[in-house]
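Trainee: Submitted below is the structure of interest, expressed as structure tokens.
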Amino acid sequence: MESNYCTKCGSKISENTNFCGNCGEKINEPKTKDNSCSECGYVFEANEKFCPECGTALTLASKTKKTQTVAKKTTTPLVKKKKGGILRNLGKVTLWIFGIFVVSIAVLYFIGDNSNDSYVGDKQQKEGLESNIPEEEMKLPPLQVRQANSKLKETLIVQVLSQNKSQEFSYGENIKVILPPNFTSKEQSLAISKAAVDESIMVVDRKALALVDLTLDNGKQPGKPVQLSYTFDEAELNPNLTTEEQLDAFRWDEESGGWVSLPIYIDQKNSMVSAYVDHFSLIGFFSTVVDEIVKTNDKINDKFNELEERIWNDMYITPEGNFRIYYSKSTVENSLHFNNTTWKHNYTRSNYSYNNAYPNYIQDIGYFLEASLQKYVEAGFANPASDKKMFNSTYKKPITVKIDSYWSKASSFENPLSNSSQGVPSYEKIHERLHIPSFETSDYRRAQIVLAHELFHRIQAQYYGILGLARPANNWFIEATAEYAAYEIAWPTQKDKMSNHTGSDYLRFSLNSTGSKKGLGGKGWTDQGYEYKTSIWVKYLVASGINFKDLIEYDAADYYKPLYSQQKFLWNSLKKSMGNLYRNFSIDMLFSKKSPLRNFDFSLDLATNYTNWDMEKIKEISQEFNMANKYSAQMGVVKVNTKKQQSKLVLITLEEKDVIGQTVDVIIVNEASKKANTIGTLFKEEDKKLITVNNGDFIALVVCNSDYEGGITKVSVKDASPQLTVTPSEMLDAVSNKAYSFEISAEEIIDAIEKVDIEWDFSDNTKKSTGFQNSIIPTSGEAKIKVAHTYEESDKEQTYPLKVILRESSTKKVLATAEAKILLPLPKPQVFITTRHLTGPPGATFDVTAKASPKNTYKFKWYIQGMSNSYTYEGKESTFKPVAKKLGKYNVNVKLYNLKNEFLSEDNATIYVEKDEKKEDVPKADGRKVKRIVYLCDKYTYGCNVSPSGTVMFENSVKEMEKLIDDFTKAGRSENAAKASKKLAKMKADFQLEKDTTSCNCQRKHTPTYIYE
């Protein structure tokens, strides 16, 4: 092949080449148009079988060019590129790209669980939908291109220098390229090519203003972002819409086979729109088509015959500039739900002036989105619609939101709430757009959550990227965190609704489950997927101290599986294992008063296994759990029934488990209060827990799986109560002031109990009423002790139960209780004469006093020997004063009656009338005068108050005091001796006064004792 050189730039060119490959200078006359492709118009060589431009098969009939324009779903504009531009064989490349895309999707599918990124409300997306729609027809890029012949205009080759300031290059009057400082480390060339704009290159719902191709040496991509600006003509725009509503910039992405929205900045003063580019390829500036609605009746497949693509030409940009909302104004105005009159009754912002150019409903949708975004930004997340680093000014790349879009319809079956299928709320991963069916927003509260949920997917996209969001294994966590963010961050006033419709069997499924669980046995489910309810797990982690944003960033960066990412993150953040946290989460779900499961019946709805245990008939039971799912939990419930209404000791044993990740938490639930008391956890086989239960208690066995699947867990529940008895077990005629002995015996003590304590209480509230004996070592399973007690006298009938408690020494856990009934009947009323022996001379008056016990009002009837009359007095006590004139002995009798004249008891006393003893007859051993005479009993008996023992004690005390006085005197301590003498005198006086006023019960004559002056 011969080579020549371009006459304009000097570049080497090949033979039969029509244009210079460097500058685009025309070299030779073009080939005849007779050899042109019927599809794209490309002029080909006679011996070529396929069009080098579009890949169409060439025949002789192809020499006649077709004029009909065909609408394509996903193709690029036919633009010829230099060094890194769009490849010539576009048809083949597109096929290759599509093949790679299908393989990638297949790989992602088999890496993790199948999932759907749509936000399913009360209608769940049905299985098999995606598999029944061809992959190429499910990829619906937002910008569809009609193709025809297009050629590049002149290419401008510029030299880019290595310098620390920006460089600016202009192409014609309206294209400008600005490179940032330090864009390159060495000099290189940049090719700027502009494609011709005509009807053959046009986006379906956009008008192409300019198509530009940028290429660096050897097709390299820029290391730093580049600003590409286009000066537009105001006359090309609709004067009824803002510039921001009409202008867009897009870059063709070879990998995804579609257009990618670029951030733009509009300089209204200079009529310039600038795009921010970090990847060189075909770049287009577009304006919105506002004078027509484009529709197509193309069928996707048999399942979607009723679907019709609607591309709405109305757009609203929120005042803050973060959202661009596409909708049908006519549809909204004609809607029964969304027209201004109806919507004002649904929701109206106070003190807000609505723009009459847009429906209130659409403006409020924008407000809900902006409010949610602000909350997310306040929580630390980046705003995907803003980047202040671009163009040295505030920059907005509005997030696209489509109401009732084709995408929503193509991803769901028809919703019964709508006459035509509106689909489900969803986030379009590749093109980063939110698709919202209007029926999901008819209630503003529902609208707030749906919009916030889908918006958070756009937040997540900044961290996960397209592949991270598309990966099925991530789906459950993506949806759970989006649901949490919507309720807990964006709209916390609705957070109580987040867990509504959580099924009773929620814990039985794996934490990373997806799809609806309705109809699988649990109560409370709707069609909404399980993954949305797992937002309660996210809420639990945040309540445990996890930072929500850090959790998202870590999982996105780890890029494996959320379960494993969380395991590492939780350990790094809290130093707690995920298994331990999930155990606590499960217990919280089952027993917390704030749990979404709180309204389900504890034993019937939440329990996997339930046993009504009659402990009087059955000594041991067992429960078995099939733990098939990782990070799942099941609960077994045992209700305790015992006729004796006493505490019972129960031994819980983990008999069997197949995998190491299984644990059993033992919890006692009181029947009346429903209060749960966590006892402990069984981790390995043969682990045991001793618990004390009462009649009516529930024993809950919460079995959890951590990061392991499969396996059987078996738990045994055994009556381990020792037999505790008290002998005698009953005493119905006990009396006071008498010692009683009891034997306490504990039998059938299990070997696991090494020592026991026994506590008792006689219940009479005296100092000696309670007692204990600790650390008793059982012998052959038995422990015995004896205790004794004396009950004090009472004035009424009393029942004193002897209460006994058997405890395990180390834990102080109650092992058994027992009780013996002790009854002290009311004693029969008694009467007694306070002074039984009275002595006096003839004619003396004797005071005889009688008292009754217990104290009450009685009748006292007095009799005296030698008198025929009796004397009756009524009261609590009685004093009889007879006068005896003759010497001798007189017996006095008093009988006690109640007020009904029923005889109760009697007592006697003796009066001695003796000759009056003169004082001179009294011995005067020491010359002292006798002050008085007292009579001391000569009978040594405890029953006598005035007894020899009392006298001996007094005399010994006197001797000790006298010796002390003598010692003080000898030591010259006269002051101390005087004080001691004074004390001795008072002691003697008190003693004698006591003797004078104390009666004796022995009924014997006392020996007179003289008290000297």
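Labels used: A, B, ... for chains in the order of the structure tokens, numbers from 1 for residues in each chain, and numbers from 1 for ligands as shown.
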Step one, run DSSP on the backbone; step two, keep only residues of segment 557-636 of chain A assigned to helix (DSSP H, G or I); then write them as a list of chain:residue names.
Mentor: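 Of segment 557-636 of chain A, only A:Ala557, A:Asp558, A:Pro562, A:Leu563, A:Tyr564, A:Ser565, A:Gln566, A:Gln567, A:Lys568, A:Phe569, A:Leu570, A:Trp571, A:Asn572, A:Ser573, A:Leu574, A:Met578, A:Gly579, A:Asn580, A:Leu581, A:Tyr582, A:Arg583, A:Asn584, A:Phe585, A:Ser586, A:Ile587, A:Asp588, A:Met589, A:Leu590, A:Phe591 fall in helix (DSSP H, G or I).
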Trainee: Kindly provide the residues of segment 495-561 of chain A that approach segment 453-471 of chain A to within 10 Å, each paired with its closest atom pair and their distance in Å to one decimal, based on only C-alpha atoms, listed by chain and increasing number, as CSV.
Mentor:
residue,atom,partner,partner_atom,distance
A:Ile552,CA,A:Gln460,CA,7.7
A:Glu553,CA,A:Tyr463,CA,6.4
A:Tyr554,CA,A:Tyr463,CA,9.3
A:Asp555,CA,A:Tyr464,CA,8.5
A:Ala556,CA,A:Tyr464,CA,5.0
A:Ala557,CA,A:Tyr464,CA,7.5
A:Asp558,CA,A:Tyr464,CA,9.8
A:Tyr559,CA,A:Gly468,CA,7.0
A:Tyr560,CA,A:Gly468,CA,9.2
A:Lys561,CA,A:Arg471,CA,9.5
Trainee: Deliver the residues from the most recent selection as a file, using C-alpha atoms, as a compact mmCIF listing (two decimals), in the first residue's frame.
Mentor:
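Dumped everything to again-v2.txt:
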# COMPACT_ATOMS: atom_id res chain seq x y z
CA ILE A 552 -22.61 1.50 55.52
CA GLU A 553 -19.11 2.62 54.55
CA TYR A 554 -17.45 -0.46 56.04
CA ASP A 555 -19.80 -2.89 54.34
CA ALA A 556 -19.46 -1.14 50.99
CA ALA A 557 -15.65 -1.11 51.24
CA ASP A 558 -15.41 -4.73 52.39
CA TYR A 559 -17.41 -5.82 49.31
CA TYR A 560 -17.87 -9.47 50.18
CA LYS A 561 -21.03 -10.35 52.04
Trainee: Just want the 7 Å neighbourhood of Ala852 of chain A, counted on only C-alpha atoms, with same-chain residues fewer than 6 positions away dropped. Output as a list in words.
Mentor: Pro829, Gln830, Val831, Phe832, Lys876 and Glu877 of chain A
Trainee: Can I get the selected residues back with all heavy atoms, as a tab-separated table (two decimals), in the first residue's frame?
Mentor:
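What landed in result-v7.tsv:
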chain	number	residue	atom	x	y	z
A	829	PRO	N	-58.78	-17.92	130.60
A	829	PRO	CA	-58.55	-16.82	131.55
A	829	PRO	C	-58.27	-17.35	132.96
A	829	PRO	O	-58.91	-18.30	133.44
A	829	PRO	CB	-59.86	-16.03	131.50
A	829	PRO	CG	-60.42	-16.33	130.15
A	829	PRO	CD	-60.06	-17.75	129.87
A	830	GLN	N	-57.29	-16.76	133.61
A	830	GLN	CA	-56.86	-17.16	134.95
A	830	GLN	C	-56.95	-15.96	135.89
A	830	GLN	O	-56.72	-14.82	135.48
A	830	GLN	CB	-55.43	-17.69	134.92
A	830	GLN	CG	-55.22	-18.90	134.05
A	830	GLN	CD	-55.88	-20.14	134.64
A	830	GLN	OE1	-55.92	-20.32	135.88
A	830	GLN	NE2	-56.40	-21.02	133.77
A	831	VAL	N	-57.26	-16.26	137.17
A	831	VAL	CA	-57.26	-15.24	138.20
A	831	VAL	C	-56.19	-15.59	139.23
A	831	VAL	O	-55.95	-16.77	139.50
A	831	VAL	CB	-58.66	-15.12	138.87
A	831	VAL	CG1	-59.01	-16.41	139.62
A	831	VAL	CG2	-58.71	-13.93	139.79
A	832	PHE	N	-55.52	-14.58	139.75
A	832	PHE	CA	-54.52	-14.86	140.78
A	832	PHE	C	-54.53	-13.70	141.77
A	832	PHE	O	-54.77	-12.55	141.41
A	832	PHE	CB	-53.13	-15.06	140.18
A	832	PHE	CG	-52.62	-13.87	139.43
A	832	PHE	CD1	-51.83	-12.93	140.08
A	832	PHE	CD2	-52.92	-13.69	138.10
A	832	PHE	CE1	-51.35	-11.84	139.39
A	832	PHE	CE2	-52.45	-12.60	137.40
A	832	PHE	CZ	-51.66	-11.66	138.04
A	876	LYS	N	-61.52	-5.13	135.75
A	876	LYS	CA	-60.36	-5.84	135.23
A	876	LYS	C	-59.53	-6.45	136.34
A	876	LYS	O	-58.77	-7.38	136.11
A	876	LYS	CB	-59.49	-4.90	134.40
A	876	LYS	CG	-60.19	-4.41	133.13
A	876	LYS	CD	-59.28	-3.52	132.31
A	876	LYS	CE	-59.98	-3.07	131.04
A	876	LYS	NZ	-59.11	-2.21	130.20
A	877	GLU	N	-59.70	-5.91	137.57
A	877	GLU	CA	-59.10	-6.49	138.77
A	877	GLU	C	-59.98	-6.11	139.95
A	877	GLU	O	-60.89	-5.27	139.82
A	877	GLU	CB	-57.68	-5.96	138.98
A	877	GLU	CG	-57.57	-4.47	139.16
A	877	GLU	CD	-56.13	-4.04	139.37
A	877	GLU	OE1	-55.26	-4.35	138.51
A	877	GLU	OE2	-55.89	-3.39	140.40
Trainee: Considering only C-alpha atoms, state which residue in the set A:Tyr610, A:Trp259, A:Phe338, A:Trp760 is at the smallest distance from Ile699 of chain A.
Mentor: A:Tyr610
Trainee: Would you pick out the contacts of segment 815-821 of chain A at 8 Å or less, using only C-alpha atoms, so that residues sharing its chain but fewer than 2 positions from it are not included, and give the list as number ranges by chain?
Mentor: A: 646-649, 692, 721-732, 799-808, 813, 823
Trainee: Out of A:Asp751, A:Glu685, A:Glu962, A:Asp267, which residue has the shortest atom-to-atom distance to Glu244 of chain A when counting only C-alpha atoms?
Mentor: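 Looking only at the distances to Glu244 of chain A, the closest residue turns out to be A:Asp267.
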Trainee: Can you work out which one of A:Asp707, A:Asp966, A:Glu255, A:Glu874 has the shortest atom-to-atom distance to Tyr582 of chain A, counting only C-alpha atoms?
Mentor: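 Of all the options, A:Asp707 lies closest to Tyr582 of chain A.
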Trainee: Can you measure atom CA of Ala607 of chain A to atom CA of Gln567 of chain A for me? One decimal in Å is fine.
Mentor: 27.7 Å
Trainee: Given the choices A:Ala633, A:Ala676, A:Val717, A:Leu597, which gets closest to Ile652 of chain A if the distance is worked out from only C-alpha atoms?
Mentor: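 Ranked by minimum distance to Ile652 of chain A, first place goes to A:Val717.
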Trainee: For Thr481 of chain A, list every protein, DNA or RNA residue within 12 Å, evaluated using only C-alpha atoms, and leave out those in the same chain fewer than 3 positions away; present the list as a ChimeraX atom specification.
Mentor: /A:452-457,459-460,474-478,484-489,498,531-542,548-549,551-553,555,562
Trainee: To one decimal place in Å, what is the distance between atom CA of Ser716 of chain A and atom CA of Met615 of chain A?
Mentor: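 Straight-line distance from atom CA of Ser716 of chain A to atom CA of Met615 of chain A works out to 13.9 Å.
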Trainee: Looking at A:Lys207, A:Lys639, A:Lys738, A:Lys165, which one is nearest to Asn609 of chain A, with distances taken over only C-alpha atoms?
Mentor: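 For Asn609 of chain A, the nearest of the given residues is A:Lys639.
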Trainee: Show which residues sit within 7 Å of segment 882-890 of chain A, as a list in words. Count only C-alpha atoms, and ignore same-chain residues fewer than 6 positions away.
Mentor: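 After dropping sequence-adjacent residues, the list is Pro842, Gly843, Ala844, Thr845, Phe846, Ile864, Gln865, Thr910, Ile911, Tyr912, Val913 and Glu914 of chain A.
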